[in-house]
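Asks: Got a file for you: work28.cif, mmCIF, C-alpha atoms.
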data_structure
loop_
_atom_site.label_atom_id
_atom_site.label_comp_id
_atom_site.auth_asym_id
_atom_site.auth_seq_id
_atom_site.Cartn_x
_atom_site.Cartn_y
_atom_site.Cartn_z
CA MET A 1 165.85 -25.40 93.69
CA ASN A 2 167.45 -27.92 91.29
CA LYS A 3 164.32 -29.13 89.48
CA LYS A 4 165.06 -27.23 86.25
CA LEU A 5 168.70 -28.26 86.44
CA VAL A 6 167.71 -31.93 86.68
CA ALA A 7 165.39 -31.51 83.67
CA ALA A 8 168.18 -29.84 81.71
CA LEU A 9 170.60 -32.62 82.57
CA SER A 10 168.12 -35.17 81.32
CA GLY A 11 168.08 -33.30 78.02
CA GLY A 12 171.88 -33.38 77.89
CA ALA A 13 171.93 -37.12 78.47
CA ALA A 14 169.32 -37.55 75.76
CA LEU A 15 171.55 -35.57 73.43
CA VAL A 16 174.43 -37.98 73.89
CA LEU A 17 172.17 -40.98 73.75
CA ALA A 18 170.62 -39.69 70.52
CA LEU A 19 173.52 -41.53 68.95
CA THR A 20 171.66 -44.75 69.74
CA GLY A 21 168.66 -44.06 67.49
CA CYS A 22 167.13 -46.35 64.91
CA GLY A 23 167.67 -46.05 61.19
CA GLY A 24 166.95 -47.54 57.81
CA ASP A 25 168.31 -50.50 55.85
CA ASP A 26 171.59 -52.22 56.73
CA ASN A 27 174.44 -50.95 54.56
CA GLY A 28 176.71 -53.93 55.19
CA LYS A 29 179.84 -54.87 57.02
CA LYS A 30 181.69 -51.61 56.36
CA LEU A 31 179.02 -49.61 58.16
CA ASP A 32 178.80 -52.15 61.00
CA ASP A 33 182.59 -51.95 61.43
CA TRP A 34 182.40 -48.16 61.58
CA ALA A 35 179.61 -48.31 64.18
CA LYS A 36 181.57 -50.78 66.32
CA LYS A 37 184.65 -48.57 66.23
CA ALA A 38 182.65 -45.46 67.14
CA CYS A 39 180.49 -47.07 69.81
CA ASP A 40 183.27 -48.93 71.59
CA GLN A 41 185.07 -45.62 72.11
CA MET A 42 181.95 -43.70 73.11
CA GLN A 43 180.43 -45.98 75.74
CA PRO A 44 182.76 -45.16 78.66
CA GLN A 45 182.19 -41.43 78.12
CA VAL A 46 178.41 -41.79 77.95
CA LYS A 47 178.58 -43.70 81.24
CA LYS A 48 180.60 -40.87 82.84
CA ILE A 49 178.10 -38.27 81.66
CA THR A 50 175.16 -40.33 82.93
CA GLU A 51 176.81 -40.77 86.33
CA ALA A 52 177.76 -37.08 86.58
CA ASN A 53 174.22 -36.03 85.77
CA ALA A 54 172.86 -38.51 88.31
CA SER A 55 175.10 -36.98 90.98
CA ILE A 56 173.56 -33.57 90.28
CA ALA A 57 170.08 -35.07 90.40
CA THR A 58 170.78 -36.41 93.90
CA MET A 59 171.36 -32.84 95.05
CA GLN A 60 167.88 -31.61 94.20
CA SER A 61 166.71 -31.76 97.83
CA GLU A 62 170.07 -30.81 99.38
CA VAL A 63 169.83 -27.68 101.53
CA ASP A 64 173.59 -27.12 101.90
CA SER A 65 174.43 -24.79 99.01
CA LYS A 66 178.16 -25.52 99.36
CA LYS A 67 177.55 -29.28 98.84
CA VAL A 68 175.37 -28.52 95.82
CA GLN A 69 178.05 -26.25 94.41
CA GLN A 70 180.81 -28.83 94.93
CA THR A 71 178.76 -31.65 93.41
CA ASP A 72 177.64 -29.59 90.43
CA SER A 73 181.17 -28.31 89.82
CA ALA A 74 182.64 -31.82 89.86
CA ALA A 75 179.86 -33.12 87.58
CA PHE A 76 180.35 -30.26 85.14
CA GLN A 77 184.09 -31.00 84.99
CA THR A 78 183.34 -34.66 84.32
CA ASN A 79 181.06 -33.58 81.49
CA VAL A 80 183.71 -31.20 80.10
CA ASP A 81 186.16 -34.09 79.86
CA ALA A 82 183.63 -36.67 78.67
CA TYR A 83 182.16 -34.51 75.88
CA LYS A 84 185.67 -33.64 74.71
CA ALA A 85 186.51 -37.36 74.68
CA LEU A 86 183.27 -38.14 72.82
CA ALA A 87 184.16 -35.58 70.16
CA ALA A 88 187.59 -37.18 69.80
CA SER A 89 185.98 -40.63 69.55
CA VAL A 90 183.61 -39.57 66.79
CA ASP A 91 186.52 -37.84 65.03
CA ARG A 92 188.78 -40.92 65.31
CA ALA A 93 186.03 -43.18 64.01
CA GLY A 94 186.08 -41.20 60.80
CA ALA A 95 183.13 -40.41 58.62
CA PRO A 96 180.43 -43.07 58.48
CA PRO A 97 180.36 -44.71 55.02
CA VAL A 98 177.07 -43.13 53.95
CA LYS A 99 175.91 -40.13 51.94
CA ASP A 100 176.83 -36.90 53.79
CA GLY A 101 178.72 -38.99 56.36
CA GLU A 102 181.70 -36.63 56.49
CA THR A 103 179.54 -33.54 56.96
CA ASN A 104 177.44 -35.22 59.63
CA GLN A 105 180.54 -36.45 61.44
CA LYS A 106 182.14 -32.98 61.41
CA ASN A 107 178.92 -31.42 62.68
CA ALA A 108 178.66 -33.98 65.48
CA VAL A 109 182.30 -33.42 66.51
CA LYS A 110 181.70 -29.68 66.60
CA ALA A 111 178.50 -30.10 68.64
CA LEU A 112 180.27 -32.33 71.17
CA ASN A 113 183.23 -29.94 71.46
CA ASP A 114 180.78 -27.06 71.89
CA LEU A 115 179.14 -29.00 74.73
CA SER A 116 182.51 -29.46 76.39
CA VAL A 117 183.20 -25.72 76.23
CA ALA A 118 179.69 -24.91 77.45
CA TYR A 119 180.07 -27.22 80.47
CA ALA A 120 183.41 -25.53 81.25
CA ASN A 121 181.57 -22.21 81.29
CA LEU A 122 178.83 -23.66 83.50
CA LYS A 123 181.52 -24.94 85.89
CA LYS A 124 183.07 -21.46 86.09
CA ARG A 125 179.65 -19.97 86.79
CA VAL A 126 178.71 -22.45 89.51
CA ASP A 127 182.16 -22.12 91.10
CA SER A 128 181.76 -18.34 91.31
CA MET A 129 178.27 -18.42 92.85
CA ASP A 130 177.80 -17.16 96.41
CA THR A 131 176.69 -20.12 98.52
CA GLY A 132 176.01 -17.85 101.51
CA ASP A 133 172.89 -16.35 99.94
CA LYS A 134 170.51 -19.25 99.26
CA ASN A 135 168.07 -17.17 97.20
CA LYS A 136 170.80 -15.78 94.98
CA PHE A 137 172.33 -19.26 94.69
CA GLY A 138 168.97 -20.75 93.71
CA ASP A 139 168.47 -18.05 91.10
CA GLY A 140 171.94 -18.81 89.74
CA LEU A 141 171.08 -22.50 89.43
CA LYS A 142 167.89 -21.61 87.54
CA GLY A 143 169.96 -19.57 85.08
CA ILE A 144 172.38 -22.46 84.60
CA ALA A 145 169.51 -24.87 84.00
CA SER A 146 167.97 -22.53 81.45
CA ASP A 147 171.27 -22.25 79.59
CA MET A 148 171.69 -26.02 79.60
CA LEU A 149 168.27 -26.49 78.00
CA LYS A 150 169.16 -24.03 75.24
CA LEU A 151 172.48 -25.74 74.67
CA SER A 152 170.89 -29.15 74.45
CA SER A 153 168.42 -28.09 71.76
CA GLN A 154 171.12 -26.30 69.71
CA SER A 155 173.45 -29.30 69.63
CA ASN A 156 170.82 -31.98 69.14
CA GLU A 157 170.43 -31.49 65.39
CA ALA A 158 173.98 -32.44 64.38
CA LEU A 159 173.88 -35.59 66.48
CA LYS A 160 170.51 -36.58 65.07
CA LYS A 161 171.98 -36.30 61.58
CA LEU A 162 174.96 -38.47 62.52
CA GLN A 163 172.71 -41.26 63.80
CA SER A 164 170.09 -41.07 61.06
CA GLY A 165 169.24 -43.80 58.58
CA ASP A 166 171.67 -46.67 58.12
CA VAL A 167 174.18 -45.22 60.59
CA GLY A 168 171.62 -45.23 63.40
CA LYS A 169 170.64 -48.81 62.64
CA ALA A 170 174.26 -49.94 62.65
CA MET A 171 174.92 -48.12 65.93
CA THR A 172 171.96 -49.69 67.72
CA LYS A 173 173.49 -53.12 67.07
CA GLN A 174 176.58 -52.19 69.07
CA PRO A 175 176.66 -52.74 72.85
CA GLY A 176 178.73 -49.56 73.25
CA CYS A 177 175.91 -47.42 71.86
CA ARG A 178 173.09 -48.95 73.84
CA VAL A 179 171.44 -46.76 76.43
CA PRO A 180 172.89 -47.59 79.86
CA ALA A 181 170.32 -48.56 82.48
CA ALA A 182 169.76 -45.79 85.01
CA SER A 183 170.65 -46.88 88.51
CA THR A 184 167.99 -44.72 90.11
CA THR A 185 165.52 -42.11 89.00
CA PRO A 186 165.14 -39.55 91.78
CA GLY A 187 161.73 -37.93 92.08
CA GLN A 188 161.50 -34.28 91.14
CA LYS A 189 160.80 -31.89 93.95
CA ALA A 190 158.46 -28.98 93.23
#
Re-express the file's structure as structure tokens.
Replies:
Amino acid sequence: MNKKLVAALSGGAALVLALTGCGGDDNGKKLDDWAKKACDQMQPQVKKITEANASIATMQSEVDSKKVQQTDSAAFQTNVDAYKALAASVDRAGAPPVKDGETNQKNAVKALNDLSVAYANLKKRVDSMDTGDKNKFGDGLKGIASDMLKLSSQSNEALKKLQSGDVGKAMTKQPGCRVPAASTTPGQKA
């Protein structure tokens, strides 16, 4: 029932972690300082998103629709808050000192804020779903998963631009932008 939702969540995590990509030549201390400032602020939020998504993944074999609803709702709220905080972090860091840095930063902030709003909408949807009808509930989860996949692909481009070239290289040097190790990887149920 949650297989597509788990796949969509993986895409969402990849979207945030796209900020950790590799880039081109080092542009010096100014860029490294920017990356440190940005990454130090982002790391706690990325961890929250990863943990929230993992909590949803643990529900993939849960048969109690109410438990699934409660877990998904709480995870979506965590993501609402974390994406909003990520947008604020990228905004506070300022534009990276590279060509088109300001445009890429603004686009990334918008994409992260859009994700926050989208997760708020997903939370409203999951909260309003009827847990008494398992088939209807399962269909609702499939719709949510589908929307999450669309959202992930739409927002990915701005974040890729932010982490491209020298910015990406500077960010990968920072512990705060390194991909956190996953505690467990639950198997997907068909």
Asks: Could you pull out every residue with an atom within 10 Å of (187.6, -41.5, 71.6), file coordinates, counting only C-alpha atoms, and send them as a ChimeraX atom specification?
Replies: /A:37-45,82-93
Asks: Take the PyMOL selection byres ((chain A and resi 134) around 12), run it mentally on this structure, and tell me the resulting residues as a list in words.
Replies: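 Selected by the PyMOL selection byres ((chain A and resi 134) around 12) in this file: Met1, Glu62, Val63, Asp64, Ser65, Lys66, Val68, Gln69, Met129, Asp130, Thr131, Gly132, Asp133, Asn135, Lys136, Phe137, Gly138, Asp139, Gly140 and Leu141 of chain A.
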Asks: By how many Å are CA of Asp147 in chain A and CA of Cys177 in chain A apart?
Replies: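 So the two atoms, CA of Asp147 in chain A and CA of Cys177 in chain A, lie 26.7 Å apart.
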Asks: Would you mind telling me which residue in A:Leu122, A:Lys47, A:Ala108, A:Lys142 lies nearest to Asp72 in chain A when using all atoms listed in the file?
Replies: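 Under the stated criterion, the closest residue is A:Leu122.
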Asks: Find the residue from A:Thr103, A:Ser128, A:Ser116, A:Thr78 that sits nearest to Ile56 in chain A; use only C-alpha atoms when measuring.
Replies: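 Closest to Ile56 in chain A, using only C-alpha atoms: A:Thr78.
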Asks: Measure the distance from CA of Val109 in chain A to CA of Leu149 in chain A in Å and round it to one decimal.
Replies: 19.4 Å
Asks: In file coordinates, which residues lie within 12 Å of (176.7, -30.8, 91.3) using only C-alpha atoms, given as an MDAnalysis selection string?
Replies: chainID A and resid 2 5:6 9 51:62 64:79 119 122:123 126:127 141 144:145
Asks: With only C-alpha atoms as the atoms that count, which of A:Ile49, A:Ala120, A:Gln163, A:Asp81 lies nearest to Asn107 in chain A?
Replies: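 That would be A:Gln163, the residue with the smallest distance to Asn107 in chain A.
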Asks: Could you tell me how far CA of Val167 in chain A sits from CA of Val46 in chain A, in Å to one decimal place?
Replies: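 Interatomic distance here is 18.2 Å.
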